[in-house]
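Asks: I'd like to ask you about the structure that follows.
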Amino acid sequence: MGIEESVAAHYGRGRIEEQILAKIAASGNDPEHFDIADLHGMDQLHVGGAAATSLVAERAGINASHRVLDIGSGLGGVSRHLARHFGATVHGLELTAEFVAAATSLTRRTGLAELVEFTHGSALSMPFENDSFDAAVLFHVGMNIQDKDTLFAEAARVLRPGSVLAIYEVMLMGGDVEEYPLPWAETAATSFPQPPLAYSDALAQAGFSVDFEAKVPLAEAAKFLEQSMAGGGPQGVQNIQFANLLAAFRAGVLAPVEIYAHMP
Ligand SMILES: C[S@@+](CC[C@H](N)C(=O)[O-])C[C@H]1O[C@@H](n2cnc3c(N)ncnc32)[C@H](O)[C@@H]1O
């Protein structure tokens, strides 16, 4: 199995939409029509959940005039959040077929289908014309992508001049990742966290100007993972995966980092 097939098999384990809709019904909401707030962050598969999405979108200046590309859109939580709270039109690109189906269904059920759509495909060969978008976001996806040069070259190709690219990823801060599974990978075979400098180099090579970077404080990241282990986090992640990630954060090996760049 190649990297992309293994990554899609890791995430697409079946029944994720059914499990989310069961939780919506159990909390007393109508599973056919509900608000994105009723998902309680189940659909945001990154450290910090919806609060982190708002922060990154504010720092990136996302607004209602933007047609945004959400690279590796997962269950669509980030895409719906950008549409609902920032008024943006969003197109999610996602490798895992089950996630594309679930994201599309959840978007219809939350009444956002006019602003948000999803396409099944790879970030390494984006099925979009040149200059199609005026902003892009990448939330916790690069850890599954070895070839970051191609990833950012593709992002540069589909973004118009002046567009912002907001990156929010778990990055390598020092040492080696020793304990698996992690939320994004069962083993090192599909896990490619890299240092912030490797991201900035790949971005510069693709033609982006890097504007600034910020590391999420350990206490904040740890609190989110502890809450997730108590049952209030992203859907489909096992406690052992959260626990290994927390240990790597505490050891200073990994950390969530934001990088903002733009196409000149
Ligand atoms: C940890 S999830 C994050 C999902 C979403 N960005 C979020 O924050 O809720 C990583 C996602 O990236 C997707 N992904 C990994 N490699 C990809 C690739 N080469 N092209 C497109 N999507 C990819 C996975 O299928 C998965 O849905």
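How things are named: the first chain in the structure tokens is A, the next is B, and so on; residues count from 1 in each chain; ligands count from 1 in the order shown.
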List the spatial neighbours of A:Leu138 as a list in words - criterion: any atom at most 7 Å away, only C-alpha atoms, same-chain residues fewer than 5 positions off excluded.
Replies: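 Answer for this query is Asp70, Ile71, Gly72, Ala166, Ile167 and Tyr168 of chain A.
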Asks: Could you give me, as a short mmCIF file (atom, residue, chain, number, x, y, z; two decimals) with C-alpha atoms, in the first residue's frame, the residues within 10 Å of A:Ala64, counting only C-alpha atoms and dropping anything in the same chain fewer than 4 positions from it?
Replies:
data_model
loop_
_atom_site.label_atom_id
_atom_site.label_comp_id
_atom_site.auth_asym_id
_atom_site.auth_seq_id
_atom_site.Cartn_x
_atom_site.Cartn_y
_atom_site.Cartn_z
CA VAL A 68 -11.02 29.57 0.61
CA LEU A 82 -15.05 29.51 8.15
CA ALA A 83 -18.39 29.72 6.32
CA ARG A 84 -20.61 30.08 9.39
CA HIS A 85 -18.47 32.49 11.44
CA PHE A 86 -16.44 34.33 8.78
CA GLY A 87 -18.89 34.27 5.84
CA ALA A 88 -16.33 32.68 3.50
CA THR A 89 -17.10 30.40 0.57
#
Asks: Set the distance at 7 Å and use only C-alpha atoms: which residues neighbour A:Asp131 once local chain neighbours fewer than 3 positions away are removed? I'd like the list as a PyMOL selection string.
Replies: chain A and resi 157-160
Asks: Store the residues picked out above, limited to N, CA and C atoms, as an mmCIF file, in the first residue's frame.
Replies:
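Contents of part-v1.cif, freshly written:
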data_model
loop_
_atom_site.group_PDB
_atom_site.id
_atom_site.type_symbol
_atom_site.label_atom_id
_atom_site.label_comp_id
_atom_site.auth_asym_id
_atom_site.auth_seq_id
_atom_site.Cartn_x
_atom_site.Cartn_y
_atom_site.Cartn_z
ATOM 1 N N ARG A 157 0.194 27.192 -6.865
ATOM 2 C CA ARG A 157 -0.401 27.155 -8.215
ATOM 3 C C ARG A 157 -1.871 27.546 -8.194
ATOM 4 N N VAL A 158 -2.626 27.053 -7.204
ATOM 5 C CA VAL A 158 -4.081 27.281 -7.216
ATOM 6 C C VAL A 158 -4.482 28.586 -6.522
ATOM 7 N N LEU A 159 -3.519 29.250 -5.852
ATOM 8 C CA LEU A 159 -3.830 30.523 -5.186
ATOM 9 C C LEU A 159 -3.535 31.704 -6.104
ATOM 10 N N ARG A 160 -4.389 32.737 -6.009
ATOM 11 C CA ARG A 160 -4.155 33.964 -6.785
ATOM 12 C C ARG A 160 -3.064 34.803 -6.111
#
Asks: Mind listing the residues within 9 Å of ligand 1, only C-alpha atoms and all ligand atoms counted, as number ranges by chain?
Replies: A: 3-4, 7-12, 41-47, 49, 53, 70-79, 92-97, 99-100, 120-126, 137-146, 151, 168, 183-184, 234
Asks: Restrict the selected residues to C-alpha atoms and save them as a PDB file, in the first residue's frame.
Replies:
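Listing of out.pdb after writing:
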ATOM      1  CA  ILE A   3       1.404   6.367   1.662  1.00  0.00           C
ATOM      2  CA  GLU A   4      -1.884   7.934   0.524  1.00  0.00           C
ATOM      3  CA  VAL A   7      -3.365   7.392   5.310  1.00  0.00           C
ATOM      4  CA  ALA A   8      -6.902   7.078   3.914  1.00  0.00           C
ATOM      5  CA  ALA A   9      -7.226   3.626   5.529  1.00  0.00           C
ATOM      6  CA  HIS A  10      -6.123   5.109   8.879  1.00  0.00           C
ATOM      7  CA  TYR A  11      -8.864   7.767   8.866  1.00  0.00           C
ATOM      8  CA  GLY A  12     -11.631   5.961   6.985  1.00  0.00           C
ATOM      9  CA  GLY A  41     -15.878  20.159  18.127  1.00  0.00           C
ATOM     10  CA  MET A  42     -16.313  16.484  17.217  1.00  0.00           C
ATOM     11  CA  ASP A  43     -15.713  17.477  13.583  1.00  0.00           C
ATOM     12  CA  GLN A  44     -12.561  19.592  14.171  1.00  0.00           C
ATOM     13  CA  LEU A  45      -9.654  17.155  14.036  1.00  0.00           C
ATOM     14  CA  HIS A  46      -6.894  19.395  15.388  1.00  0.00           C
ATOM     15  CA  VAL A  47      -5.512  20.631  18.701  1.00  0.00           C
ATOM     16  CA  GLY A  49     -10.778  22.588  18.048  1.00  0.00           C
ATOM     17  CA  THR A  53      -9.919  27.647  13.995  1.00  0.00           C
ATOM     18  CA  ASP A  70      -9.343  23.939   2.956  1.00  0.00           C
ATOM     19  CA  ILE A  71      -6.530  21.478   2.213  1.00  0.00           C
ATOM     20  CA  GLY A  72      -7.147  18.102   3.916  1.00  0.00           C
ATOM     21  CA  SER A  73     -10.598  19.106   5.109  1.00  0.00           C
ATOM     22  CA  GLY A  74     -11.338  15.928   7.114  1.00  0.00           C
ATOM     23  CA  LEU A  75     -14.922  15.916   8.402  1.00  0.00           C
ATOM     24  CA  GLY A  76     -15.338  19.494   7.187  1.00  0.00           C
ATOM     25  CA  GLY A  77     -15.317  21.161  10.613  1.00  0.00           C
ATOM     26  CA  VAL A  78     -12.868  23.905   9.608  1.00  0.00           C
ATOM     27  CA  SER A  79     -14.683  24.575   6.307  1.00  0.00           C
ATOM     28  CA  GLY A  92     -12.545  21.344   1.022  1.00  0.00           C
ATOM     29  CA  LEU A  93     -10.086  18.950  -0.639  1.00  0.00           C
ATOM     30  CA  GLU A  94      -9.802  15.603   1.128  1.00  0.00           C
ATOM     31  CA  LEU A  95      -8.023  12.284   0.544  1.00  0.00           C
ATOM     32  CA  THR A  96     -10.273   9.984   2.620  1.00  0.00           C
ATOM     33  CA  ALA A  97     -13.468   9.143   0.707  1.00  0.00           C
ATOM     34  CA  PHE A  99     -14.610  11.830   5.238  1.00  0.00           C
ATOM     35  CA  VAL A 100     -15.737  13.530   2.018  1.00  0.00           C
ATOM     36  CA  HIS A 120     -12.186  13.890  -3.057  1.00  0.00           C
ATOM     37  CA  GLY A 121      -8.528  14.160  -4.076  1.00  0.00           C
ATOM     38  CA  SER A 122      -4.913  14.644  -3.075  1.00  0.00           C
ATOM     39  CA  ALA A 123      -3.162  17.805  -1.953  1.00  0.00           C
ATOM     40  CA  LEU A 124      -0.194  16.620  -4.011  1.00  0.00           C
ATOM     41  CA  SER A 125      -2.162  16.829  -7.258  1.00  0.00           C
ATOM     42  CA  MET A 126      -4.974  19.300  -6.659  1.00  0.00           C
ATOM     43  CA  VAL A 137      -5.799  26.790   5.141  1.00  0.00           C
ATOM     44  CA  LEU A 138      -3.883  23.669   6.125  1.00  0.00           C
ATOM     45  CA  PHE A 139      -4.909  22.275   9.518  1.00  0.00           C
ATOM     46  CA  HIS A 140      -3.007  19.215  10.837  1.00  0.00           C
ATOM     47  CA  VAL A 141      -2.466  17.637   7.403  1.00  0.00           C
ATOM     48  CA  GLY A 142       1.257  17.985   6.640  1.00  0.00           C
ATOM     49  CA  MET A 143       2.063  15.383   9.304  1.00  0.00           C
ATOM     50  CA  ASN A 144       0.725  12.841   6.780  1.00  0.00           C
ATOM     51  CA  ILE A 145       2.559  14.346   3.790  1.00  0.00           C
ATOM     52  CA  GLN A 146       6.215  13.566   3.189  1.00  0.00           C
ATOM     53  CA  LEU A 151       2.259  20.280  -1.341  1.00  0.00           C
ATOM     54  CA  TYR A 168      -1.588  25.101  11.609  1.00  0.00           C
ATOM     55  CA  PRO A 183      -3.850  10.691  16.141  1.00  0.00           C
ATOM     56  CA  TRP A 184      -2.658  10.916  12.507  1.00  0.00           C
ATOM     57  CA  PRO A 234     -12.457  15.148  18.024  1.00  0.00           C
TER      58      PRO A 234
END
Asks: Using only C-alpha atoms, which residue out of A:Tyr180, A:Phe242, A:Ala214, A:Ala255 lies closest to A:Pro193?
Replies: A:Ala255
